[in-house]
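S.K.: Sharing input04.cif below, mmCIF, C-alpha atoms:
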```cif
data_work
#
loop_
_atom_site.label_atom_id
_atom_site.label_comp_id
_atom_site.auth_asym_id
_atom_site.auth_seq_id
_atom_site.Cartn_x
_atom_site.Cartn_y
_atom_site.Cartn_z
CA MET H 1 39.91 6.75 55.76
CA THR H 2 43.60 6.19 56.34
CA PRO H 3 45.49 9.07 54.78
CA SER H 4 48.67 8.18 52.97
CA SER H 5 51.93 9.25 54.50
CA THR H 6 53.53 9.12 51.06
CA PRO H 7 53.32 12.31 49.02
CA PRO H 8 51.58 11.63 45.73
CA SER H 9 54.57 12.76 43.61
CA ARG H 10 52.12 14.23 41.16
CA HIS H 11 53.12 15.07 37.60
CA ASP H 12 50.62 17.11 35.57
CA LEU H 13 50.54 17.23 31.80
CA ASP H 14 48.60 18.82 28.96
CA PRO H 15 47.46 16.09 26.53
CA ALA H 16 47.26 18.68 23.73
CA SER H 17 50.97 19.41 24.01
CA THR H 18 53.00 16.66 25.65
CA THR H 19 56.71 16.92 26.40
CA THR H 20 59.39 14.27 26.19
CA ALA H 21 59.43 14.24 29.99
CA ASP H 22 55.66 13.50 30.07
CA ARG H 23 55.97 10.61 27.64
CA ASP H 24 59.06 9.17 29.34
CA LEU H 25 57.41 9.20 32.76
CA TYR H 26 54.26 7.61 31.33
CA ARG H 27 56.31 4.83 29.69
CA SER H 28 58.14 4.24 32.93
CA LEU H 29 54.92 4.11 35.01
CA SER H 30 53.29 1.82 32.41
CA SER H 31 55.97 -0.78 33.01
CA TYR H 32 54.53 -1.27 36.51
CA THR H 33 51.42 -2.91 35.08
CA ALA H 34 51.71 -6.71 34.95
CA LYS H 35 50.34 -7.89 31.60
CA GLY H 36 49.55 -11.38 30.40
CA VAL H 37 51.31 -11.93 27.09
CA GLY H 38 49.48 -12.81 23.88
CA VAL H 39 50.13 -13.16 20.17
CA ILE H 40 47.84 -11.66 17.54
CA SER H 41 47.78 -13.21 14.08
CA ALA H 42 45.98 -12.70 10.79
CA VAL H 43 46.24 -13.86 7.20
CA SER H 44 46.40 -11.08 4.65
CA ARG H 45 47.27 -11.31 0.94
CA GLY H 46 48.43 -14.88 1.45
CA TRP H 47 50.89 -14.03 4.22
CA ASP H 48 50.81 -14.96 7.89
CA PHE H 49 51.17 -11.92 10.14
CA ALA H 50 51.82 -12.39 13.85
CA ALA H 51 53.13 -10.23 16.67
CA THR H 52 53.42 -10.24 20.43
CA VAL H 53 50.88 -8.04 22.21
CA THR H 54 50.01 -7.08 25.75
CA ALA H 55 47.37 -4.42 24.99
CA TYR H 56 44.31 -6.64 24.71
CA LEU H 57 41.36 -7.43 26.96
CA SER H 58 38.13 -9.34 27.20
CA VAL H 59 35.23 -6.90 26.74
CA SER H 60 32.19 -9.09 27.26
CA TYR H 61 30.98 -12.62 27.88
CA ASP H 62 27.81 -12.17 25.81
CA PRO H 63 28.61 -12.48 23.07
CA PRO H 64 32.26 -13.34 23.80
CA THR H 65 34.05 -10.19 22.65
CA LEU H 66 37.73 -9.21 22.65
CA LEU H 67 39.59 -5.96 22.08
CA VAL H 68 43.14 -5.42 20.90
CA SER H 69 44.93 -2.09 20.54
CA LEU H 70 47.45 -1.93 17.67
CA TYR H 71 49.73 0.82 16.41
CA ARG H 72 47.82 2.53 13.61
CA ASP H 73 50.67 2.67 11.12
CA GLY H 74 52.00 -0.84 11.74
CA ARG H 75 51.73 -3.77 9.35
CA LEU H 76 49.70 -5.82 11.84
CA ALA H 77 46.93 -3.21 12.05
CA GLU H 78 46.87 -3.10 8.26
CA ALA H 79 46.66 -6.90 8.08
CA LEU H 80 43.77 -7.02 10.56
CA GLU H 81 41.91 -4.31 8.67
CA GLU H 82 42.33 -6.23 5.45
CA ALA H 83 41.59 -9.69 6.87
CA GLY H 84 38.59 -8.88 9.06
CA GLU H 85 39.37 -11.90 11.21
CA TRP H 86 42.24 -12.63 13.56
CA ALA H 87 43.38 -14.91 16.35
CA LEU H 88 44.63 -14.21 19.86
CA SER H 89 46.83 -16.82 21.56
CA ILE H 90 47.33 -16.46 25.33
CA VAL H 91 50.79 -17.86 25.68
CA SER H 92 52.43 -19.95 28.37
CA ALA H 93 55.90 -19.69 29.86
CA GLU H 94 57.23 -22.36 27.51
CA GLN H 95 56.56 -20.06 24.54
CA LYS H 96 58.91 -17.31 25.71
CA ASP H 97 61.36 -17.75 22.80
CA ALA H 98 58.56 -17.46 20.23
CA VAL H 99 57.17 -14.43 22.04
CA GLN H 100 60.53 -12.67 22.02
CA TRP H 101 60.98 -13.41 18.32
CA LEU H 102 57.50 -12.11 17.48
CA ALA H 103 58.10 -8.97 19.55
CA GLU H 104 61.06 -7.90 17.40
CA PRO H 105 60.24 -4.91 15.22
CA GLY H 106 60.75 -5.39 11.50
CA ASN H 107 61.23 -9.15 11.47
CA PRO H 108 60.68 -10.63 7.98
CA LEU H 109 57.28 -12.01 6.96
CA HIS H 110 59.03 -14.71 4.95
CA GLY H 111 59.83 -17.45 7.45
CA LEU H 112 58.23 -15.50 10.32
CA LEU H 113 56.59 -18.60 11.79
CA LYS H 114 59.46 -21.00 11.11
CA PRO H 115 60.80 -20.86 14.69
CA VAL H 116 57.28 -20.71 16.18
CA PRO H 117 55.40 -23.94 16.98
CA HIS H 118 51.86 -23.33 15.80
CA PHE H 119 48.74 -24.76 14.21
CA ARG H 120 45.82 -23.46 12.19
CA PRO H 121 42.45 -24.17 13.88
CA THR H 122 40.46 -23.38 10.72
CA ASP H 123 41.59 -23.98 7.12
CA GLY H 124 43.17 -20.85 5.72
CA GLY H 125 42.52 -18.97 8.97
CA PRO H 126 45.00 -17.29 11.31
CA VAL H 127 47.54 -19.37 13.20
CA VAL H 128 47.53 -20.13 16.92
CA LEU H 129 50.65 -20.85 18.97
CA SER H 130 51.02 -24.43 20.14
CA GLY H 131 51.01 -24.68 23.92
CA SER H 132 48.66 -21.70 24.39
CA LEU H 133 46.70 -21.52 27.63
CA ALA H 134 43.73 -20.29 25.61
CA TRP H 135 43.15 -19.18 22.03
CA TYR H 136 40.40 -17.29 20.26
CA GLN H 137 39.50 -16.62 16.67
CA ALA H 138 37.51 -13.41 16.25
CA ARG H 139 35.74 -11.41 13.54
CA THR H 140 36.14 -7.63 13.68
CA VAL H 141 32.86 -5.86 14.45
CA ALA H 142 34.23 -2.35 15.11
CA VAL H 143 37.47 -0.39 14.73
CA HIS H 144 37.95 2.81 16.73
CA GLU H 145 40.73 5.34 16.40
CA ALA H 146 42.44 6.32 19.66
CA ALA H 147 45.52 8.56 19.59
CA THR H 148 48.29 6.66 17.74
CA HIS H 149 46.40 3.36 17.80
CA LEU H 150 43.41 1.47 16.41
CA LEU H 151 41.13 -0.46 18.75
CA PHE H 152 39.89 -3.65 17.09
CA VAL H 153 36.76 -5.08 18.71
CA GLY H 154 36.05 -8.66 17.65
CA GLU H 155 33.38 -11.26 18.31
CA VAL H 156 34.74 -14.71 19.05
CA THR H 157 33.76 -17.36 16.51
CA SER H 158 35.99 -20.20 17.72
CA MET H 159 38.09 -20.89 20.81
CA GLY H 160 40.03 -23.58 22.64
CA GLN H 161 43.12 -24.60 24.56
CA ALA H 162 46.41 -26.04 23.37
CA LYS H 163 48.21 -26.34 26.69
CA GLY H 164 51.40 -28.31 26.92
CA PRO H 165 53.08 -29.63 30.07
CA ASP H 166 54.12 -26.15 31.27
CA SER H 167 50.92 -24.24 31.84
CA ARG H 168 52.28 -21.27 33.74
CA ALA H 169 51.25 -17.90 32.31
CA LEU H 170 53.84 -15.66 30.70
CA VAL H 171 53.67 -12.15 32.13
CA ARG H 172 55.35 -8.94 31.06
CA TYR H 173 56.41 -6.74 33.96
CA GLY H 174 59.03 -4.01 33.78
CA SER H 175 61.04 -4.98 30.71
CA ASP H 176 60.96 -8.73 31.41
CA TYR H 177 58.91 -11.68 30.29
CA ARG H 178 58.51 -13.95 33.28
CA ALA H 179 56.54 -17.06 34.24
CA PHE H 180 53.76 -16.39 36.71
CA GLN H 181 54.31 -18.86 39.53
CA MET G 1 57.04 -24.92 11.12
CA THR G 2 56.67 -27.34 13.99
CA PRO G 3 53.16 -28.75 13.91
CA SER G 4 51.48 -29.20 17.26
CA SER G 5 50.94 -32.72 18.50
CA THR G 6 48.06 -31.45 20.65
CA PRO G 7 44.66 -31.38 18.97
CA PRO G 8 43.29 -27.85 19.03
CA SER G 9 40.13 -28.82 20.97
CA ARG G 10 38.22 -26.31 18.92
CA HIS G 11 34.82 -24.99 20.01
CA ASP G 12 32.89 -22.98 17.43
CA LEU G 13 30.15 -20.51 18.26
CA ASP G 14 27.74 -18.14 16.58
CA PRO G 15 28.07 -14.66 18.16
CA ALA G 16 24.52 -13.81 17.06
CA SER G 17 23.10 -16.63 19.15
CA THR G 18 25.35 -17.79 21.97
CA THR G 19 24.56 -20.73 24.25
CA THR G 20 25.23 -21.12 27.96
CA ALA G 21 27.95 -23.62 27.02
CA ASP G 22 29.63 -21.00 24.79
CA ARG G 23 29.62 -18.37 27.52
CA ASP G 24 30.77 -20.80 30.23
CA LEU G 25 33.70 -22.01 28.15
CA TYR G 26 34.67 -18.43 27.30
CA ARG G 27 34.60 -17.45 30.99
CA SER G 28 36.72 -20.46 31.84
CA LEU G 29 39.28 -19.74 29.10
CA SER G 30 39.37 -16.06 30.09
CA SER G 31 40.58 -17.01 33.55
CA TYR G 32 43.86 -18.18 31.94
CA THR G 33 44.83 -14.60 31.18
CA ALA G 34 47.02 -13.06 33.87
CA LYS G 35 45.81 -9.52 34.53
CA GLY G 36 47.39 -6.76 36.56
CA VAL G 37 44.81 -5.46 39.03
CA GLY G 38 43.64 -1.85 39.11
CA VAL G 39 41.04 0.32 40.77
CA ILE G 40 38.93 2.82 38.82
CA SER G 41 37.45 5.78 40.67
CA ALA G 42 35.35 8.83 39.92
CA VAL G 43 33.44 11.51 41.80
CA SER G 44 29.82 11.88 40.76
CA ARG G 45 27.05 13.85 42.48
CA GLY G 46 29.28 14.33 45.50
CA TRP G 47 29.95 10.60 45.98
CA ASP G 48 33.17 8.67 45.59
CA PHE G 49 32.75 5.67 43.30
CA ALA G 50 35.51 3.04 43.11
CA ALA G 51 35.75 -0.54 41.91
CA THR G 52 38.34 -3.16 41.15
CA VAL G 53 39.05 -3.68 37.45
CA THR G 54 41.24 -5.84 35.28
CA ALA G 55 39.85 -4.82 31.86
CA TYR G 56 42.01 -1.77 31.18
CA LEU G 57 45.02 -1.06 29.02
CA SER G 58 47.42 1.63 27.91
CA VAL G 59 46.47 2.70 24.38
CA SER G 60 49.16 5.20 23.49
CA TYR G 61 52.19 7.07 24.76
CA ASP G 62 51.42 10.22 22.75
CA PRO G 63 49.42 11.62 24.23
CA PRO G 64 49.34 9.23 27.20
CA THR G 65 45.98 7.51 26.72
CA LEU G 66 44.21 4.79 28.71
CA LEU G 67 41.19 2.60 28.06
CA VAL G 68 38.90 0.91 30.56
CA SER G 69 35.99 -1.39 29.76
CA LEU G 70 33.05 -1.16 32.18
CA TYR G 71 29.71 -2.95 32.35
CA ARG G 72 27.24 -0.66 30.60
CA ASP G 73 24.48 -0.89 33.20
CA GLY G 74 26.71 -0.62 36.26
CA ARG G 75 26.92 2.36 38.58
CA LEU G 76 30.62 2.88 37.83
CA ALA G 77 29.99 3.36 34.08
CA GLU G 78 27.24 5.82 34.96
CA ALA G 79 29.57 7.68 37.34
CA LEU G 80 32.32 7.93 34.72
CA GLU G 81 29.87 9.18 32.10
CA GLU G 82 28.63 11.83 34.48
CA ALA G 83 32.04 12.85 35.85
CA GLY G 84 34.04 12.97 32.60
CA GLU G 85 37.22 12.36 34.59
CA TRP G 86 38.46 9.35 36.49
CA ALA G 87 41.51 7.79 38.07
CA LEU G 88 43.19 4.42 37.61
CA SER G 89 45.34 3.05 40.43
CA ILE G 90 47.64 0.13 39.58
CA VAL G 91 47.69 -1.67 42.88
CA SER G 92 50.40 -3.55 44.70
CA ALA G 93 50.21 -6.82 46.62
CA GLU G 94 49.80 -4.98 49.92
CA GLN G 95 46.45 -3.60 48.73
CA LYS G 96 44.83 -7.01 48.31
CA ASP G 97 42.26 -6.46 51.09
CA ALA G 98 41.12 -3.16 49.58
CA VAL G 99 40.95 -4.76 46.13
CA GLN G 100 38.76 -7.60 47.39
CA TRP G 101 36.46 -5.15 49.14
CA LEU G 102 36.14 -2.98 46.03
CA ALA G 103 35.45 -6.07 43.89
CA GLU G 104 32.32 -6.97 45.87
CA PRO G 105 29.16 -6.30 43.91
CA GLY G 106 26.65 -3.98 45.54
CA ASN G 107 28.84 -2.65 48.32
CA PRO G 108 27.44 0.58 49.79
CA LEU G 109 28.63 3.97 48.52
CA HIS G 110 28.33 5.33 52.05
CA GLY G 111 31.59 4.38 53.75
CA LEU G 112 32.92 2.67 50.60
CA LEU G 113 36.42 4.07 51.09
CA LYS G 114 36.55 3.75 54.88
CA PRO G 115 38.60 0.52 54.81
CA VAL G 116 40.66 1.68 51.81
CA PRO G 117 43.86 3.71 52.37
CA HIS G 118 43.73 6.44 49.75
CA PHE G 119 44.48 10.03 48.88
CA ARG G 120 43.15 12.62 46.46
CA PRO G 121 45.84 13.94 44.09
CA THR G 122 43.72 16.90 42.95
CA ASP G 123 41.19 18.82 45.06
CA GLY G 124 37.72 17.39 44.54
CA GLY G 125 39.04 14.87 42.00
CA PRO G 126 38.90 11.07 42.08
CA VAL G 127 40.76 9.14 44.77
CA VAL G 128 43.89 7.05 44.29
CA LEU G 129 44.81 4.07 46.45
CA SER G 130 47.78 4.61 48.74
CA GLY G 131 50.63 2.26 47.91
CA SER G 132 49.84 2.15 44.19
CA LEU G 133 52.65 1.18 41.84
CA ALA G 134 51.37 3.82 39.44
CA TRP G 135 48.30 6.06 39.22
CA TYR G 136 46.74 8.12 36.48
CA GLN G 137 44.05 10.74 36.34
CA ALA G 138 42.35 10.88 32.93
CA ARG G 139 39.72 12.90 31.08
CA THR G 140 37.33 10.96 28.86
CA VAL G 141 37.79 11.75 25.16
CA ALA G 142 35.64 8.96 23.69
CA VAL G 143 33.12 6.35 24.82
CA HIS G 144 32.39 3.36 22.56
CA GLU G 145 29.70 0.74 22.99
CA ALA G 146 30.88 -2.86 22.73
CA ALA G 147 28.47 -5.71 23.49
CA THR G 148 27.46 -5.43 27.18
CA HIS G 149 30.17 -2.86 27.96
CA LEU G 150 31.29 0.71 27.42
CA LEU G 151 34.88 1.46 26.45
CA PHE G 152 36.09 4.68 28.05
CA VAL G 153 39.11 6.20 26.34
CA GLY G 154 40.82 8.86 28.44
CA GLU G 155 43.75 11.21 28.06
CA VAL G 156 46.03 11.36 31.08
CA THR G 157 46.18 14.75 32.76
CA SER G 158 48.12 13.79 35.89
CA MET G 159 50.11 10.75 37.05
CA GLY G 160 52.47 9.48 39.71
CA GLN G 161 53.52 6.74 42.08
CA ALA G 162 52.54 6.06 45.66
CA LYS G 163 54.54 2.90 46.29
CA GLY G 164 54.93 1.58 49.79
CA PRO G 165 57.48 -0.95 51.04
CA ASP G 166 55.82 -3.87 49.20
CA SER G 167 56.05 -3.04 45.52
CA ARG G 168 55.11 -6.42 44.08
CA ALA G 169 52.29 -6.27 41.52
CA LEU G 170 48.93 -7.80 42.34
CA VAL G 171 47.81 -10.12 39.55
CA ARG G 172 44.50 -11.85 38.93
CA TYR G 173 44.88 -15.36 37.51
CA GLY G 174 42.22 -18.04 37.64
CA SER G 175 40.00 -16.89 40.49
CA ASP G 176 42.87 -15.69 42.70
CA TYR G 177 44.56 -12.41 43.46
CA ARG G 178 48.24 -13.13 43.87
CA ALA G 179 51.48 -11.21 44.24
CA PHE G 180 53.69 -11.33 41.19
CA GLN G 181 57.10 -12.44 42.46
#
```
Could you write out this file's structure as structure tokens?

M.R.:
Amino acid sequence: MTPSSTPPSRHDLDPASTTTADRDLYRSLSSYTAKGVGVISAVSRGWDFAATVTAYLSVSYDPPTLLVSLYRDGRLAEALEEAGEWALSIVSAEQKDAVQWLAEPGNPLHGLLKPVPHFRPTDGGPVVLSGSLAWYQARTVAVHEAATHLLFVGEVTSMGQAKGPDSRALVRYGSDYRAFQ
Amino acid sequence: MTPSSTPPSRHDLDPASTTTADRDLYRSLSSYTAKGVGVISAVSRGWDFAATVTAYLSVSYDPPTLLVSLYRDGRLAEALEEAGEWALSIVSAEQKDAVQWLAEPGNPLHGLLKPVPHFRPTDGGPVVLSGSLAWYQARTVAVHEAATHLLFVGEVTSMGQAKGPDSRALVRYGSDYRAFQ
């Protein structure tokens, strides 16, 4: 064991009664996690919903299973609950403009995908961003509540690639979106 | 809408009856997600357990809540279930050797942390890697089954930084661990 010479700068908190200082420090620390950027999409009541996400992960290879964490009271969570199926596009650096657009809160559903190059792998199904390093279509098999969010667990029913010439990953780190070299 | 000129190269699968080809393609596509590298640790039956992970995410800011997905039949999942509390270290590029060691399957518990610079933020609690960009200690509030894995949801009870001189993030992409520049 090599003991650290750096003091741990420990900050304790009570989850049952958090302070603004607790939440601010947590937000700040969270920015130090590098996160591959994705876009979640679903079709609900005839509309295409899509938003930039970083809180997703691959749960299992057998069967291929994904998880995405969405804000409980947001329109995207509502759309996924209604639709039961959704797509996850793992975006490349060339899609940065689309990602920034789809990360804006409160952007209009009408014309949402106009500035976003995309295609629809299955008729009437959710869209996938053109140029994605990987994409998945999934069917929700469980939804779990967790604090302010809903965890959607989905089994993959279709998948593929749509890579363009620039196949560098887009990564969120700090408050930036940057290409992973 | 700008339609893609790339065909979607779609591969369909039946989650109820996956083939080797399905799972291999999913593994291959999954490698295109850039993932910040972390280490999960817990103390169980007097032993320190620790392993490299990339399947974790921040669920919520209020209260600060984390999720980690662990293989159901692995010793780390068992340790977390038994311990009820665990730590997540978000590692920096300078910790690559420790990360590779802790990613090896079947490494011995006896002496596991000998080559790993670390400290213990709370007496008797789980270890944190020295030099971490951020670290969290969490108490499990829910465990969900999902395919081959268990999803541990934990509320943060303590957090901090332990950054050394090299504060670049360590990112897994493809089969490499690389510094995020």

S.K.: Can you superpose chain H onto chain G by least squares over all C-alpha atoms paired in order and give the moved copy as a compact mmCIF listing (two decimals) with C-alpha atoms, keeping the file's coordinate frame?

M.R.:
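Result went into out14.txt, see below:
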```txt
# COMPACT_ATOMS: atom_id res chain seq x y z
CA MET H 1 57.13 -24.96 11.29
CA THR H 2 56.74 -27.42 14.13
CA PRO H 3 53.23 -28.82 14.01
CA SER H 4 51.50 -29.25 17.33
CA SER H 5 50.90 -32.75 18.56
CA THR H 6 48.02 -31.45 20.68
CA PRO H 7 44.64 -31.36 18.98
CA PRO H 8 43.26 -27.83 19.03
CA SER H 9 40.10 -28.81 20.98
CA ARG H 10 38.20 -26.31 18.91
CA HIS H 11 34.82 -24.97 19.99
CA ASP H 12 32.88 -22.96 17.41
CA LEU H 13 30.14 -20.50 18.25
CA ASP H 14 27.73 -18.12 16.57
CA PRO H 15 28.06 -14.65 18.16
CA ALA H 16 24.50 -13.81 17.05
CA SER H 17 23.08 -16.63 19.15
CA THR H 18 25.34 -17.80 21.97
CA THR H 19 24.55 -20.72 24.25
CA THR H 20 25.22 -21.13 27.94
CA ALA H 21 27.94 -23.62 27.01
CA ASP H 22 29.64 -20.99 24.78
CA ARG H 23 29.62 -18.37 27.51
CA ASP H 24 30.77 -20.80 30.21
CA LEU H 25 33.71 -22.00 28.13
CA TYR H 26 34.67 -18.42 27.29
CA ARG H 27 34.60 -17.45 30.99
CA SER H 28 36.71 -20.45 31.84
CA LEU H 29 39.28 -19.73 29.09
CA SER H 30 39.37 -16.04 30.09
CA SER H 31 40.59 -17.00 33.54
CA TYR H 32 43.85 -18.16 31.92
CA THR H 33 44.83 -14.58 31.14
CA ALA H 34 47.03 -13.05 33.86
CA LYS H 35 45.81 -9.51 34.52
CA GLY H 36 47.39 -6.74 36.54
CA VAL H 37 44.82 -5.45 39.01
CA GLY H 38 43.66 -1.84 39.11
CA VAL H 39 41.03 0.32 40.76
CA ILE H 40 38.93 2.83 38.83
CA SER H 41 37.45 5.78 40.70
CA ALA H 42 35.35 8.84 39.93
CA VAL H 43 33.43 11.51 41.80
CA SER H 44 29.82 11.88 40.77
CA ARG H 45 27.05 13.85 42.50
CA GLY H 46 29.28 14.31 45.52
CA TRP H 47 29.96 10.60 46.00
CA ASP H 48 33.18 8.66 45.60
CA PHE H 49 32.77 5.67 43.29
CA ALA H 50 35.51 3.05 43.10
CA ALA H 51 35.75 -0.53 41.90
CA THR H 52 38.35 -3.16 41.14
CA VAL H 53 39.04 -3.67 37.43
CA THR H 54 41.23 -5.84 35.27
CA ALA H 55 39.85 -4.82 31.85
CA TYR H 56 42.00 -1.77 31.19
CA LEU H 57 45.03 -1.05 29.02
CA SER H 58 47.41 1.63 27.89
CA VAL H 59 46.46 2.71 24.36
CA SER H 60 49.16 5.21 23.48
CA TYR H 61 52.19 7.07 24.76
CA ASP H 62 51.42 10.22 22.74
CA PRO H 63 49.41 11.63 24.22
CA PRO H 64 49.33 9.24 27.19
CA THR H 65 45.97 7.52 26.72
CA LEU H 66 44.21 4.79 28.70
CA LEU H 67 41.18 2.61 28.06
CA VAL H 68 38.89 0.92 30.55
CA SER H 69 35.98 -1.39 29.75
CA LEU H 70 33.04 -1.17 32.18
CA TYR H 71 29.71 -2.96 32.35
CA ARG H 72 27.23 -0.67 30.59
CA ASP H 73 24.48 -0.89 33.18
CA GLY H 74 26.70 -0.63 36.25
CA ARG H 75 26.92 2.35 38.59
CA LEU H 76 30.62 2.88 37.83
CA ALA H 77 30.00 3.36 34.10
CA GLU H 78 27.25 5.82 34.97
CA ALA H 79 29.57 7.69 37.34
CA LEU H 80 32.32 7.94 34.72
CA GLU H 81 29.85 9.18 32.11
CA GLU H 82 28.63 11.84 34.50
CA ALA H 83 32.04 12.85 35.86
CA GLY H 84 34.04 12.96 32.62
CA GLU H 85 37.22 12.36 34.59
CA TRP H 86 38.45 9.35 36.50
CA ALA H 87 41.51 7.79 38.08
CA LEU H 88 43.19 4.42 37.60
CA SER H 89 45.35 3.05 40.43
CA ILE H 90 47.65 0.13 39.58
CA VAL H 91 47.70 -1.67 42.87
CA SER H 92 50.41 -3.56 44.70
CA ALA H 93 50.22 -6.82 46.62
CA GLU H 94 49.80 -4.98 49.92
CA GLN H 95 46.45 -3.61 48.71
CA LYS H 96 44.83 -7.02 48.29
CA ASP H 97 42.26 -6.47 51.08
CA ALA H 98 41.12 -3.16 49.56
CA VAL H 99 40.95 -4.77 46.13
CA GLN H 100 38.78 -7.61 47.38
CA TRP H 101 36.46 -5.17 49.14
CA LEU H 102 36.14 -3.00 46.03
CA ALA H 103 35.46 -6.06 43.88
CA GLU H 104 32.33 -6.98 45.85
CA PRO H 105 29.15 -6.32 43.88
CA GLY H 106 26.64 -4.01 45.52
CA ASN H 107 28.83 -2.69 48.32
CA PRO H 108 27.44 0.56 49.80
CA LEU H 109 28.64 3.95 48.53
CA HIS H 110 28.35 5.32 52.06
CA GLY H 111 31.60 4.36 53.77
CA LEU H 112 32.93 2.66 50.61
CA LEU H 113 36.43 4.05 51.08
CA LYS H 114 36.55 3.72 54.87
CA PRO H 115 38.60 0.49 54.81
CA VAL H 116 40.67 1.66 51.81
CA PRO H 117 43.86 3.70 52.37
CA HIS H 118 43.74 6.43 49.75
CA PHE H 119 44.48 10.03 48.87
CA ARG H 120 43.14 12.62 46.46
CA PRO H 121 45.85 13.94 44.08
CA THR H 122 43.72 16.91 42.97
CA ASP H 123 41.18 18.80 45.10
CA GLY H 124 37.72 17.38 44.55
CA GLY H 125 39.07 14.87 42.02
CA PRO H 126 38.90 11.07 42.09
CA VAL H 127 40.76 9.14 44.76
CA VAL H 128 43.89 7.05 44.29
CA LEU H 129 44.83 4.06 46.45
CA SER H 130 47.79 4.60 48.75
CA GLY H 131 50.65 2.25 47.92
CA SER H 132 49.85 2.14 44.18
CA LEU H 133 52.66 1.19 41.83
CA ALA H 134 51.38 3.84 39.43
CA TRP H 135 48.31 6.06 39.22
CA TYR H 136 46.73 8.13 36.49
CA GLN H 137 44.03 10.74 36.34
CA ALA H 138 42.34 10.89 32.94
CA ARG H 139 39.71 12.91 31.08
CA THR H 140 37.32 10.95 28.86
CA VAL H 141 37.78 11.75 25.17
CA ALA H 142 35.62 8.96 23.69
CA VAL H 143 33.11 6.34 24.82
CA HIS H 144 32.38 3.37 22.56
CA GLU H 145 29.69 0.76 22.98
CA ALA H 146 30.86 -2.85 22.72
CA ALA H 147 28.44 -5.70 23.48
CA THR H 148 27.44 -5.42 27.17
CA HIS H 149 30.15 -2.86 27.96
CA LEU H 150 31.28 0.73 27.41
CA LEU H 151 34.87 1.46 26.44
CA PHE H 152 36.08 4.68 28.06
CA VAL H 153 39.11 6.20 26.34
CA GLY H 154 40.82 8.87 28.44
CA GLU H 155 43.76 11.22 28.06
CA VAL H 156 46.02 11.36 31.09
CA THR H 157 46.18 14.76 32.77
CA SER H 158 48.12 13.79 35.90
CA MET H 159 50.10 10.76 37.04
CA GLY H 160 52.49 9.50 39.71
CA GLN H 161 53.53 6.75 42.08
CA ALA H 162 52.55 6.08 45.67
CA LYS H 163 54.54 2.91 46.29
CA GLY H 164 54.94 1.61 49.79
CA PRO H 165 57.49 -0.94 51.03
CA ASP H 166 55.84 -3.86 49.19
CA SER H 167 56.05 -3.04 45.52
CA ARG H 168 55.11 -6.40 44.06
CA ALA H 169 52.30 -6.26 41.50
CA LEU H 170 48.94 -7.79 42.31
CA VAL H 171 47.81 -10.12 39.53
CA ARG H 172 44.51 -11.85 38.92
CA TYR H 173 44.87 -15.34 37.49
CA GLY H 174 42.21 -18.03 37.63
CA SER H 175 40.00 -16.88 40.49
CA ASP H 176 42.87 -15.68 42.69
CA TYR H 177 44.56 -12.41 43.44
CA ARG H 178 48.24 -13.13 43.86
CA ALA H 179 51.50 -11.19 44.23
CA PHE H 180 53.71 -11.35 41.17
CA GLN H 181 57.10 -12.47 42.44
```

S.K.: Please, which residues are within 6 Å of (29.2, -14.5, 25.8) by the file's coordinates, counting all atoms listed in the file, and could they come as an mmCIF file with C-alpha atoms, in the coordinates of the input?

M.R.:
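Written output follows (result.cif):
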```cif
data_model
loop_
_atom_site.group_PDB
_atom_site.id
_atom_site.type_symbol
_atom_site.label_atom_id
_atom_site.label_comp_id
_atom_site.auth_asym_id
_atom_site.auth_seq_id
_atom_site.Cartn_x
_atom_site.Cartn_y
_atom_site.Cartn_z
ATOM 1 C CA TYR H 61 30.980 -12.620 27.880
ATOM 2 C CA ASP H 62 27.810 -12.170 25.810
ATOM 3 C CA PRO H 63 28.610 -12.480 23.070
ATOM 4 C CA PRO H 64 32.260 -13.340 23.800
ATOM 5 C CA ARG G 23 29.620 -18.370 27.520
#
```

S.K.: Please list, as a PyMOL selection string, the residues that have an atom at most 8 Å away from (46.5, -19.8, 11.1) in the coordinates of this file, counting all atoms listed in the file.

M.R.: chain H and resi 41-43+48+87+118-128

S.K.: Would you compute the distance between CA of Ala51 in chain H and CA of Glu94 in chain H? Give it in Å to one decimal.

M.R.: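 Between CA of Ala51 in chain H and CA of Glu94 in chain H the gap is 16.8 Å.
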
S.K.: Have a look at CA of Gln100 in chain G and CA of Leu170 in chain G and let me know their distance in Å, one decimal.

M.R.: 11.4 Å

S.K.: I would like the residues chosen by the PyMOL selection byres ((chain H) within 7 of (chain G)) on the shown file; could you give them as a PyMOL selection string?

M.R.: chain H and resi 1-4+6+8-15+18+23+26-27+29+32-36+55+57-64+69+90+113-119+121+130+133-134+147-149+155-162+169+171+180

S.K.: If the PyMOL selection byres ((chain G and resi 102) around 10) is run on the structure shown, which residues does it catch, given as a list in words?

M.R.: Val39, Ile40, Phe49, Ala50, Ala51, Thr52, Val53, Lys96, Asp97, Ala98, Val99, Gln100, Trp101, Ala103, Glu104, Pro105, Gly106, Asn107, Leu112, Leu113, Pro115 and Val116 of chain G

S.K.: What does the structure give for the distance between CA of Arg72 in chain G and CA of Ser175 in chain G, in Å to one decimal?

M.R.: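 Calculated distance between CA of Arg72 in chain G and CA of Ser175 in chain G is 22.9 Å.
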
S.K.: Counting all atoms listed in the file, which of H:Ala83, H:Leu88, H:Ala93, H:Ala21 gets nearest to Trp47 in chain H?

M.R.: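 Ranked by minimum distance to Trp47 in chain H, first place goes to H:Ala83.
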